[in-house]
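Text of the file my_file.pdb, holding PDB, C-alpha atoms:
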```pdb
ATOM      1  CA  ASN A   1     128.640  55.464 -19.481
ATOM      2  CA  ALA A   2     127.631  57.876 -22.245
ATOM      3  CA  GLY A   3     124.159  58.400 -20.744
ATOM      4  CA  VAL A   4     121.674  59.659 -23.342
ATOM      5  CA  THR A   5     123.019  60.522 -26.778
ATOM      6  CA  GLN A   6     121.158  62.294 -29.567
ATOM      7  CA  THR A   7     121.983  62.774 -33.229
ATOM      8  CA  PRO A   8     122.126  65.035 -35.109
ATOM      9  CA  LYS A   9     122.864  68.143 -33.035
ATOM     10  CA  PHE A  10     121.578  70.515 -35.672
ATOM     11  CA  ARG A  11     119.442  70.091 -38.785
ATOM     12  CA  ILE A  12     117.727  72.325 -41.300
ATOM     13  CA  LEU A  13     114.805  70.821 -43.191
ATOM     14  CA  LYS A  14     112.673  72.092 -46.016
ATOM     15  CA  ILE A  15     108.890  72.041 -45.652
ATOM     16  CA  GLY A  16     107.565  68.593 -46.501
ATOM     17  CA  GLN A  17     110.829  66.745 -45.936
ATOM     18  CA  SER A  18     111.092  63.932 -43.429
ATOM     19  CA  MET A  19     113.779  62.922 -40.979
ATOM     20  CA  THR A  20     114.491  60.747 -37.980
ATOM     21  CA  LEU A  21     115.995  62.039 -34.753
ATOM     22  CA  GLN A  22     118.041  59.348 -33.072
ATOM     23  CA  CYS A  23     118.199  58.715 -29.320
ATOM     24  CA  THR A  24     120.192  56.046 -27.508
ATOM     25  CA  GLN A  25     120.670  55.394 -23.800
ATOM     26  CA  ASP A  26     123.083  52.998 -22.109
ATOM     27  CA  MET A  27     121.591  53.015 -18.605
ATOM     28  CA  ASN A  28     119.133  50.165 -19.230
ATOM     29  CA  HIS A  29     116.163  52.387 -18.417
ATOM     30  CA  ASN A  30     112.727  51.178 -19.369
ATOM     31  CA  TYR A  31     111.250  54.663 -19.624
ATOM     32  CA  MET A  32     112.201  56.913 -22.523
ATOM     33  CA  TYR A  33     110.717  60.247 -23.591
ATOM     34  CA  TRP A  34     110.757  62.807 -26.380
ATOM     35  CA  TYR A  35     110.186  66.481 -25.644
ATOM     36  CA  ARG A  36     110.258  69.681 -27.607
ATOM     37  CA  GLN A  37     111.152  73.078 -26.237
ATOM     38  CA  ASP A  38     110.066  76.239 -27.997
ATOM     39  CA  PRO A  39     111.737  79.593 -27.174
ATOM     40  CA  GLY A  40     110.778  80.908 -23.732
ATOM     41  CA  MET A  41     108.666  77.865 -22.991
ATOM     42  CA  GLY A  42     108.938  74.752 -20.918
ATOM     43  CA  LEU A  43     109.377  71.306 -22.376
ATOM     44  CA  LYS A  44     106.353  69.575 -23.869
ATOM     45  CA  LEU A  45     106.045  65.805 -24.007
ATOM     46  CA  ILE A  46     105.660  64.415 -27.528
ATOM     47  CA  TYR A  47     105.804  60.642 -27.001
ATOM     48  CA  TYR A  48     107.009  58.284 -24.340
ATOM     49  CA  SER A  49     107.764  54.595 -23.960
ATOM     50  CA  VAL A  50     107.652  52.354 -20.887
ATOM     51  CA  GLY A  51     109.590  49.548 -22.519
ATOM     52  CA  ALA A  52     110.527  47.913 -25.798
ATOM     53  CA  GLY A  53     107.487  47.591 -28.016
ATOM     54  CA  ILE A  54     105.362  49.969 -25.949
ATOM     55  CA  THR A  55     104.843  53.624 -26.888
ATOM     56  CA  ASP A  56     102.189  56.207 -26.125
ATOM     57  CA  LYS A  57     101.284  59.778 -26.977
ATOM     58  CA  GLY A  58     102.164  62.737 -24.832
ATOM     59  CA  GLU A  59     100.801  66.262 -24.891
ATOM     60  CA  VAL A  60     101.840  67.225 -28.458
ATOM     61  CA  PRO A  61     102.130  64.080 -30.647
ATOM     62  CA  ASN A  62     100.705  65.407 -33.931
ATOM     63  CA  GLY A  63     103.187  65.308 -36.821
ATOM     64  CA  TYR A  64     105.486  62.777 -35.107
ATOM     65  CA  ASN A  65     105.897  59.039 -34.841
ATOM     66  CA  VAL A  66     108.068  56.839 -32.650
ATOM     67  CA  SER A  67     109.118  53.241 -32.336
ATOM     68  CA  ARG A  68     110.876  51.288 -29.598
ATOM     69  CA  SER A  69     112.300  48.012 -30.831
ATOM     70  CA  THR A  70     115.082  47.829 -28.229
ATOM     71  CA  THR A  71     115.593  49.094 -24.682
ATOM     72  CA  GLU A  72     118.430  51.353 -25.849
ATOM     73  CA  ASP A  73     116.928  53.162 -28.851
ATOM     74  CA  PHE A  74     113.931  55.459 -29.194
ATOM     75  CA  PRO A  75     113.916  57.261 -32.577
ATOM     76  CA  LEU A  76     111.508  60.119 -33.353
ATOM     77  CA  ARG A  77     110.223  60.435 -36.912
ATOM     78  CA  LEU A  78     108.964  63.604 -38.593
ATOM     79  CA  GLU A  79     107.119  62.670 -41.758
ATOM     80  CA  LEU A  80     106.117  65.984 -43.365
ATOM     81  CA  ALA A  81     108.114  68.755 -41.762
ATOM     82  CA  ALA A  82     106.283  72.016 -41.082
ATOM     83  CA  PRO A  83     107.597  75.384 -39.822
ATOM     84  CA  SER A  84     105.672  74.794 -36.565
ATOM     85  CA  GLN A  85     108.058  71.922 -35.850
ATOM     86  CA  THR A  86     111.014  74.281 -35.595
ATOM     87  CA  SER A  87     112.180  73.643 -32.039
ATOM     88  CA  VAL A  88     114.804  72.028 -29.856
ATOM     89  CA  TYR A  89     114.119  68.348 -29.292
ATOM     90  CA  PHE A  90     115.245  66.526 -26.177
ATOM     91  CA  CYS A  91     115.270  62.821 -25.541
ATOM     92  CA  ALA A  92     115.315  61.501 -21.975
ATOM     93  CA  SER A  93     115.421  58.188 -20.187
ATOM     94  CA  GLY A  94     114.876  57.236 -16.581
ATOM     95  CA  VAL A  95     112.410  56.118 -13.970
ATOM     96  CA  VAL A  96     109.221  57.707 -12.702
ATOM     97  CA  ASP A  97     110.920  60.198 -10.366
ATOM     98  CA  THR A  98     114.194  60.804 -12.247
ATOM     99  CA  GLN A  99     114.973  61.552 -15.888
ATOM    100  CA  TYR A 100     118.278  62.007 -17.658
ATOM    101  CA  PHE A 101     118.314  64.161 -20.754
ATOM    102  CA  GLY A 102     120.351  64.142 -23.908
ATOM    103  CA  PRO A 103     122.013  67.319 -25.231
ATOM    104  CA  GLY A 104     119.221  68.093 -27.686
ATOM    105  CA  THR A 105     118.714  68.459 -31.433
ATOM    106  CA  ARG A 106     118.063  71.934 -32.809
ATOM    107  CA  LEU A 107     115.740  71.602 -35.797
ATOM    108  CA  THR A 108     114.790  74.400 -38.168
ATOM    109  CA  VAL A 109     112.124  73.923 -40.837
ATOM    110  CA  LEU A 110     112.185  76.482 -43.652
TER     111      LEU A 110
ATOM    112  CA  ASP B   1      96.150  74.585 -20.523
ATOM    113  CA  GLN B   2      99.182  75.301 -18.421
ATOM    114  CA  GLN B   3      99.061  72.800 -15.604
ATOM    115  CA  VAL B   4     102.450  73.758 -14.174
ATOM    116  CA  LYS B   5     103.360  77.399 -13.740
ATOM    117  CA  GLN B   6     106.513  79.198 -12.737
ATOM    118  CA  ASN B   7     105.355  82.769 -12.327
ATOM    119  CA  SER B   8     108.774  84.343 -11.868
ATOM    120  CA  PRO B   9     110.729  84.424 -15.126
ATOM    121  CA  SER B  10     113.876  85.538 -13.332
ATOM    122  CA  LEU B  11     115.474  85.748  -9.900
ATOM    123  CA  SER B  12     118.695  87.393  -8.790
ATOM    124  CA  VAL B  13     120.409  86.644  -5.461
ATOM    125  CA  GLN B  14     123.730  87.332  -3.818
ATOM    126  CA  GLU B  15     126.296  84.576  -3.454
ATOM    127  CA  GLY B  16     125.914  82.813  -0.103
ATOM    128  CA  ARG B  17     122.253  83.769   0.334
ATOM    129  CA  ILE B  18     119.214  81.562  -0.139
ATOM    130  CA  SER B  19     117.549  81.148  -3.538
ATOM    131  CA  ILE B  20     113.869  80.238  -3.496
ATOM    132  CA  LEU B  21     112.237  79.157  -6.728
ATOM    133  CA  ASN B  22     108.486  78.640  -6.818
ATOM    134  CA  CYS B  23     106.128  76.487  -8.831
ATOM    135  CA  ASP B  24     102.349  76.059  -8.847
ATOM    136  CA  TYR B  25     100.282  73.280 -10.363
ATOM    137  CA  THR B  26      96.619  72.646 -11.010
ATOM    138  CA  ASN B  27      96.262  68.888 -11.485
ATOM    139  CA  SER B  28      95.848  67.014  -8.208
ATOM    140  CA  MET B  29      96.659  63.726  -9.994
ATOM    141  CA  PHE B  30     100.371  64.535 -10.225
ATOM    142  CA  ASP B  31     102.282  62.092  -8.043
ATOM    143  CA  TYR B  32     105.887  63.195  -8.505
ATOM    144  CA  PHE B  33     107.445  66.616  -8.785
ATOM    145  CA  LEU B  34     110.907  67.224 -10.177
ATOM    146  CA  TRP B  35     113.347  70.113 -10.500
ATOM    147  CA  TYR B  36     115.823  70.483 -13.332
ATOM    148  CA  LYS B  37     118.633  72.890 -14.035
ATOM    149  CA  LYS B  38     119.499  73.888 -17.584
ATOM    150  CA  TYR B  39     122.487  75.642 -19.085
ATOM    151  CA  PRO B  40     122.349  77.090 -22.622
ATOM    152  CA  ALA B  41     122.815  74.557 -25.433
ATOM    153  CA  GLU B  42     122.629  71.616 -22.994
ATOM    154  CA  GLY B  43     119.923  69.233 -21.938
ATOM    155  CA  PRO B  44     118.236  69.701 -18.546
ATOM    156  CA  THR B  45     120.028  68.163 -15.570
ATOM    157  CA  PHE B  46     117.980  66.450 -12.881
ATOM    158  CA  LEU B  47     118.379  68.059  -9.448
ATOM    159  CA  ILE B  48     115.867  66.670  -6.993
ATOM    160  CA  SER B  49     112.396  65.188  -6.855
ATOM    161  CA  ILE B  50     109.642  64.680  -4.324
ATOM    162  CA  SER B  51     106.789  62.248  -4.104
ATOM    163  CA  SER B  52     103.303  63.613  -3.539
ATOM    164  CA  ILE B  53     103.127  61.716  -0.255
ATOM    165  CA  LYS B  54     105.988  63.756   1.212
ATOM    166  CA  ASP B  55     106.275  67.419   2.091
ATOM    167  CA  LYS B  56     110.053  67.811   2.056
ATOM    168  CA  ASN B  57     113.073  66.275   0.409
ATOM    169  CA  GLU B  58     116.649  67.381   0.929
ATOM    170  CA  ASP B  59     119.831  66.684  -1.009
ATOM    171  CA  GLY B  60     122.875  68.681  -0.015
ATOM    172  CA  ARG B  61     122.273  72.368  -0.737
ATOM    173  CA  PHE B  62     118.926  71.645  -2.419
ATOM    174  CA  THR B  63     115.626  71.210  -0.599
ATOM    175  CA  VAL B  64     112.228  70.851  -2.196
ATOM    176  CA  PHE B  65     109.057  71.636  -0.250
ATOM    177  CA  LEU B  66     105.620  70.479  -1.322
ATOM    178  CA  ASN B  67     102.353  72.010  -0.105
ATOM    179  CA  LYS B  68      99.631  69.815  -1.569
ATOM    180  CA  SER B  69      96.723  71.813  -0.201
ATOM    181  CA  ALA B  70      98.046  74.920  -1.954
ATOM    182  CA  LYS B  71      99.265  72.960  -4.994
ATOM    183  CA  HIS B  72     102.598  74.672  -4.588
ATOM    184  CA  LEU B  73     106.203  73.555  -4.459
ATOM    185  CA  SER B  74     109.433  75.398  -3.980
ATOM    186  CA  LEU B  75     113.133  74.717  -4.399
ATOM    187  CA  HIS B  76     115.514  76.191  -1.855
ATOM    188  CA  ILE B  77     119.220  76.480  -2.636
ATOM    189  CA  VAL B  78     121.421  77.266   0.359
ATOM    190  CA  PRO B  79     124.005  78.683   0.087
ATOM    191  CA  SER B  80     123.690  79.951  -3.465
ATOM    192  CA  GLN B  81     126.830  79.836  -5.602
ATOM    193  CA  PRO B  82     127.672  81.578  -8.904
ATOM    194  CA  GLY B  83     127.727  78.159 -10.609
ATOM    195  CA  ASP B  84     124.045  77.804  -9.748
ATOM    196  CA  SER B  85     123.221  80.483 -12.331
ATOM    197  CA  ALA B  86     121.010  78.714 -14.879
ATOM    198  CA  VAL B  87     117.378  78.235 -15.857
ATOM    199  CA  TYR B  88     115.433  76.069 -13.421
ATOM    200  CA  PHE B  89     112.404  74.068 -14.513
ATOM    201  CA  CYS B  90     109.876  72.399 -12.298
ATOM    202  CA  ALA B  91     108.014  69.403 -13.657
ATOM    203  CA  ALA B  92     105.119  67.271 -12.501
ATOM    204  CA  SER B  93     104.407  63.704 -13.474
ATOM    205  CA  ALA B  94     101.352  61.489 -13.437
ATOM    206  CA  VAL B  95     100.579  58.216 -15.138
ATOM    207  CA  ASN B  96     100.916  58.900 -18.867
ATOM    208  CA  ASP B  97     101.819  62.543 -18.441
ATOM    209  CA  MET B  98     104.690  64.885 -17.660
ATOM    210  CA  ARG B  99     104.299  68.678 -17.579
ATOM    211  CA  PHE B 100     106.958  71.350 -17.288
ATOM    212  CA  GLY B 101     106.839  74.944 -16.176
ATOM    213  CA  ALA B 102     108.298  77.667 -18.402
ATOM    214  CA  GLY B 103     111.371  78.056 -16.213
ATOM    215  CA  THR B 104     112.959  80.643 -13.921
ATOM    216  CA  ARG B 105     116.340  82.130 -14.773
ATOM    217  CA  LEU B 106     118.444  82.289 -11.602
ATOM    218  CA  THR B 107     121.420  84.632 -11.459
ATOM    219  CA  VAL B 108     123.749  84.362  -8.474
ATOM    220  CA  LYS B 109     125.961  87.413  -8.137
ATOM    221  CA  PRO B 110     129.447  87.119  -6.597
TER     222      PRO B 110
END
```
Output the file's structure in the form of structure tokens.
Amino acid sequence: NAGVTQTPKFRILKIGQSMTLQCTQDMNHNYMYWYRQDPGMGLKLIYYSVGAGITDKGEVPNGYNVSRSTTEDFPLRLELAAPSQTSVYFCASGVVDTQYFGPGTRLTVL
Amino acid sequence: DQQVKQNSPSLSVQEGRISILNCDYTNSMFDYFLWYKKYPAEGPTFLISISSIKDKNEDGRFTVFLNKSAKHLSLHIVPSQPGDSAVYFCAASAVNDMRFGAGTRLTVKP
């Protein structure tokens, strides 16, 4: 059981570039989440999904898109990278009272 | 708006003593509360949760107390161990929402 895996671990983007952060879970969870964590702050919910084909916005969705075509995968897309999107991104899966997190992707936009 | 607050950025305790981490919230619609532990360069690790219909939940050395009238929860760690040194986040969930506090850095001294 690998749990929740995220790729890449690190990435540097130029302003205006796009990229996809990958997230995969092997625990057959219906719920999956994307968060960002800025320095000295708590995690903020970007998007979440309650099952394949179903996604919804969290607290800070602007500048991001998601899709959920399978139970296992929940990729996060940045279309036009901006310096404000410099952060650490965490994917999680679980149930309503328990979440398991991936190791994170550290993204820098210059 | 910060709906979940951890007002103590840091806490230091002696090994073997009790650690008490506090968290306050403002939204009475939250129905689950969760505690996570985070080491540097890793994703958060789930510790314990509590439903809003309960006032206490215990799991080994970890106990979470919920005071709904005060909109306050706390995590007790007894006895504290040096390996417990980490940043602890409280989180609150409602339908379509999940909010995190900014975290408390716990240091357990040998």
Go through the shown structure with the ChimeraX specification (/B :<7) & /A and write out the matching residues as a ChimeraX atom specification.
-> /A:40-45,58,90,97-104
Would you put the residues from that selection into a file with C-alpha atoms, as an mmCIF file, keeping the file's coordinate frame?
```
data_model
loop_
_atom_site.group_PDB
_atom_site.id
_atom_site.type_symbol
_atom_site.label_atom_id
_atom_site.label_comp_id
_atom_site.auth_asym_id
_atom_site.auth_seq_id
_atom_site.Cartn_x
_atom_site.Cartn_y
_atom_site.Cartn_z
ATOM 1 C CA GLY A 40 110.778 80.908 -23.732
ATOM 2 C CA MET A 41 108.666 77.865 -22.991
ATOM 3 C CA GLY A 42 108.938 74.752 -20.918
ATOM 4 C CA LEU A 43 109.377 71.306 -22.376
ATOM 5 C CA LYS A 44 106.353 69.575 -23.869
ATOM 6 C CA LEU A 45 106.045 65.805 -24.007
ATOM 7 C CA GLY A 58 102.164 62.737 -24.832
ATOM 8 C CA PHE A 90 115.245 66.526 -26.177
ATOM 9 C CA ASP A 97 110.920 60.198 -10.366
ATOM 10 C CA THR A 98 114.194 60.804 -12.247
ATOM 11 C CA GLN A 99 114.973 61.552 -15.888
ATOM 12 C CA TYR A 100 118.278 62.007 -17.658
ATOM 13 C CA PHE A 101 118.314 64.161 -20.754
ATOM 14 C CA GLY A 102 120.351 64.142 -23.908
ATOM 15 C CA PRO A 103 122.013 67.319 -25.231
ATOM 16 C CA GLY A 104 119.221 68.093 -27.686
#
```
Please provide as a PyMOL selection string all residues within 10 Å of Cys91 in chain A, with the sequence filter that same-chain residues fewer than 2 positions apart are discarded (counting only C-alpha atoms).
-> (chain A and resi 4-6+21-25+32-36+45-48+74-76+89+93+99-105) or (chain B and resi 43)
Do you know which residues are at most 12 Å from Pro79 in chain B counting all atoms listed in the file, after dropping those on the same chain fewer than 4 positions away, and could you put them as a CSV table (one decimal) with C-alpha atoms, in the frame of the given file?
```
chain,number,residue,atom,x,y,z
B,13,VAL,CA,120.4,86.6,-5.5
B,14,GLN,CA,123.7,87.3,-3.8
B,15,GLU,CA,126.3,84.6,-3.5
B,16,GLY,CA,125.9,82.8,-0.1
B,17,ARG,CA,122.3,83.8,0.3
B,18,ILE,CA,119.2,81.6,-0.1
B,19,SER,CA,117.5,81.1,-3.5
B,20,ILE,CA,113.9,80.2,-3.5
B,60,GLY,CA,122.9,68.7,0.0
B,61,ARG,CA,122.3,72.4,-0.7
B,62,PHE,CA,118.9,71.6,-2.4
B,63,THR,CA,115.6,71.2,-0.6
B,83,GLY,CA,127.7,78.2,-10.6
B,84,ASP,CA,124.0,77.8,-9.7
B,108,VAL,CA,123.7,84.4,-8.5
```
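Taking CA of Ala70 in chain B as the reference point, CA of Glu58 in chain B is found at 20.3 Å.
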Once 5 Å is added on each side, what centre and edge lengths in Å to one decimal does the axis-aligned box around all listed atoms of range 40-58 of chain A have, as lines of an AutoDock Vina configuration file?
```
center_x = 106.0
center_y = 64.2
center_z = -24.5
size_x = 19.5
size_y = 43.3
size_z = 17.1
```
Determine the residue membership of the PyMOL selection byres ((chain B and resi 105) around 7) for the file above and supply it as an MDAnalysis selection string.
-> chainID B and resid 9:11 86:88 103:104 106:107
Any chance you could work out the residue set of the PyMOL selection byres ((chain A and resi 12) around 8) here, as a PDB file with C-alpha atoms, in the coordinates of the input?
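selection00.pdb, freshly written:
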```pdb
ATOM      1  CA  PHE A  10     121.578  70.515 -35.672  1.00  0.00           C
ATOM      2  CA  ARG A  11     119.442  70.091 -38.785  1.00  0.00           C
ATOM      3  CA  LEU A  13     114.805  70.821 -43.191  1.00  0.00           C
ATOM      4  CA  LYS A  14     112.673  72.092 -46.016  1.00  0.00           C
ATOM      5  CA  LEU A 107     115.740  71.602 -35.797  1.00  0.00           C
ATOM      6  CA  THR A 108     114.790  74.400 -38.168  1.00  0.00           C
ATOM      7  CA  VAL A 109     112.124  73.923 -40.837  1.00  0.00           C
ATOM      8  CA  LEU A 110     112.185  76.482 -43.652  1.00  0.00           C
TER       9      LEU A 110
END
```
Could I get range 8-36 of chain A from the block written out with N, CA, C and O atoms, as a compact mmCIF listing (two decimals), in the first residue's frame?
```txt
# COMPACT_ATOMS: atom_id res chain seq x y z
N PRO A 8 5.31 16.12 -9.37
CA PRO A 8 6.69 15.95 -8.90
C PRO A 8 6.83 16.38 -7.44
O PRO A 8 5.89 16.86 -6.85
N LYS A 9 8.01 16.23 -6.88
CA LYS A 9 8.27 16.70 -5.52
C LYS A 9 8.62 18.18 -5.51
O LYS A 9 8.30 18.91 -4.57
N PHE A 10 9.30 18.61 -6.53
CA PHE A 10 9.70 20.01 -6.64
C PHE A 10 9.49 20.46 -8.09
O PHE A 10 9.65 19.66 -9.01
N ARG A 11 9.19 21.76 -8.26
CA ARG A 11 9.07 22.28 -9.62
C ARG A 11 9.24 23.79 -9.56
O ARG A 11 8.72 24.45 -8.66
N ILE A 12 9.96 24.31 -10.55
CA ILE A 12 10.07 25.75 -10.73
C ILE A 12 9.42 26.10 -12.05
O ILE A 12 9.77 25.51 -13.08
N LEU A 13 8.49 27.03 -12.02
CA LEU A 13 7.78 27.46 -13.22
C LEU A 13 8.06 28.93 -13.49
O LEU A 13 8.30 29.71 -12.55
N LYS A 14 7.99 29.30 -14.75
CA LYS A 14 8.04 30.71 -15.10
C LYS A 14 6.60 31.25 -15.14
O LYS A 14 5.65 30.50 -15.39
N ILE A 15 6.46 32.53 -14.89
CA ILE A 15 5.14 33.17 -14.94
C ILE A 15 4.49 32.88 -16.29
O ILE A 15 5.12 33.03 -17.34
N GLY A 16 3.23 32.44 -16.24
CA GLY A 16 2.49 32.18 -17.46
C GLY A 16 2.55 30.75 -17.94
O GLY A 16 1.75 30.34 -18.80
N GLN A 17 3.49 29.97 -17.40
CA GLN A 17 3.55 28.55 -17.79
C GLN A 17 2.42 27.78 -17.12
O GLN A 17 1.79 28.25 -16.17
N SER A 18 2.19 26.58 -17.63
CA SER A 18 1.17 25.72 -17.03
C SER A 18 1.79 24.39 -16.65
O SER A 18 2.86 24.02 -17.15
N MET A 19 1.13 23.70 -15.73
CA MET A 19 1.61 22.38 -15.33
C MET A 19 0.49 21.63 -14.63
O MET A 19 -0.51 22.22 -14.20
N THR A 20 0.68 20.34 -14.52
CA THR A 20 -0.26 19.48 -13.81
C THR A 20 0.46 18.78 -12.67
O THR A 20 1.51 18.17 -12.88
N LEU A 21 -0.10 18.91 -11.48
CA LEU A 21 0.38 18.16 -10.32
C LEU A 21 -0.42 16.87 -10.24
O LEU A 21 -1.65 16.88 -10.25
N GLN A 22 0.32 15.76 -10.15
CA GLN A 22 -0.34 14.45 -10.15
C GLN A 22 -0.56 13.95 -8.73
O GLN A 22 0.26 14.18 -7.84
N CYS A 23 -1.67 13.27 -8.52
CA CYS A 23 -1.99 12.66 -7.23
C CYS A 23 -2.68 11.33 -7.48
O CYS A 23 -3.65 11.28 -8.25
N THR A 24 -2.19 10.30 -6.81
CA THR A 24 -2.78 8.96 -6.94
C THR A 24 -2.90 8.33 -5.56
O THR A 24 -1.98 8.45 -4.75
N GLN A 25 -4.02 7.67 -5.32
CA GLN A 25 -4.19 6.94 -4.05
C GLN A 25 -4.62 5.51 -4.35
O GLN A 25 -5.36 5.26 -5.31
N ASP A 26 -4.17 4.59 -3.50
CA ASP A 26 -4.48 3.17 -3.71
C ASP A 26 -5.32 2.60 -2.58
O ASP A 26 -5.30 1.39 -2.33
N MET A 27 -6.04 3.46 -1.87
CA MET A 27 -6.84 3.01 -0.73
C MET A 27 -8.33 2.95 -1.07
O MET A 27 -9.16 2.74 -0.18
N ASN A 28 -8.67 3.18 -2.32
CA ASN A 28 -10.05 3.11 -2.79
C ASN A 28 -10.97 4.12 -2.08
O ASN A 28 -12.16 3.86 -1.88
N HIS A 29 -10.39 5.27 -1.73
CA HIS A 29 -11.20 6.30 -1.08
C HIS A 29 -12.01 7.06 -2.11
O HIS A 29 -11.51 7.39 -3.19
N ASN A 30 -13.23 7.40 -1.75
CA ASN A 30 -14.03 8.23 -2.63
C ASN A 30 -13.63 9.70 -2.55
O ASN A 30 -13.63 10.42 -3.53
N TYR A 31 -13.29 10.15 -1.34
CA TYR A 31 -12.97 11.56 -1.15
C TYR A 31 -11.49 11.82 -1.46
O TYR A 31 -10.61 11.11 -0.98
N MET A 32 -11.26 12.86 -2.25
CA MET A 32 -9.89 13.33 -2.49
C MET A 32 -9.88 14.85 -2.44
O MET A 32 -10.90 15.50 -2.73
N TYR A 33 -8.71 15.41 -2.07
CA TYR A 33 -8.62 16.84 -1.78
C TYR A 33 -7.28 17.39 -2.30
O TYR A 33 -6.28 16.67 -2.32
N TRP A 34 -7.29 18.66 -2.64
CA TRP A 34 -6.06 19.40 -2.90
C TRP A 34 -6.01 20.60 -1.97
O TRP A 34 -6.99 21.36 -1.85
N TYR A 35 -4.84 20.76 -1.33
CA TYR A 35 -4.60 21.88 -0.43
C TYR A 35 -3.33 22.60 -0.86
O TYR A 35 -2.44 22.02 -1.48
N ARG A 36 -3.21 23.84 -0.43
CA ARG A 36 -1.95 24.54 -0.51
C ARG A 36 -1.60 25.06 0.88
O ARG A 36 -2.48 25.38 1.68
```
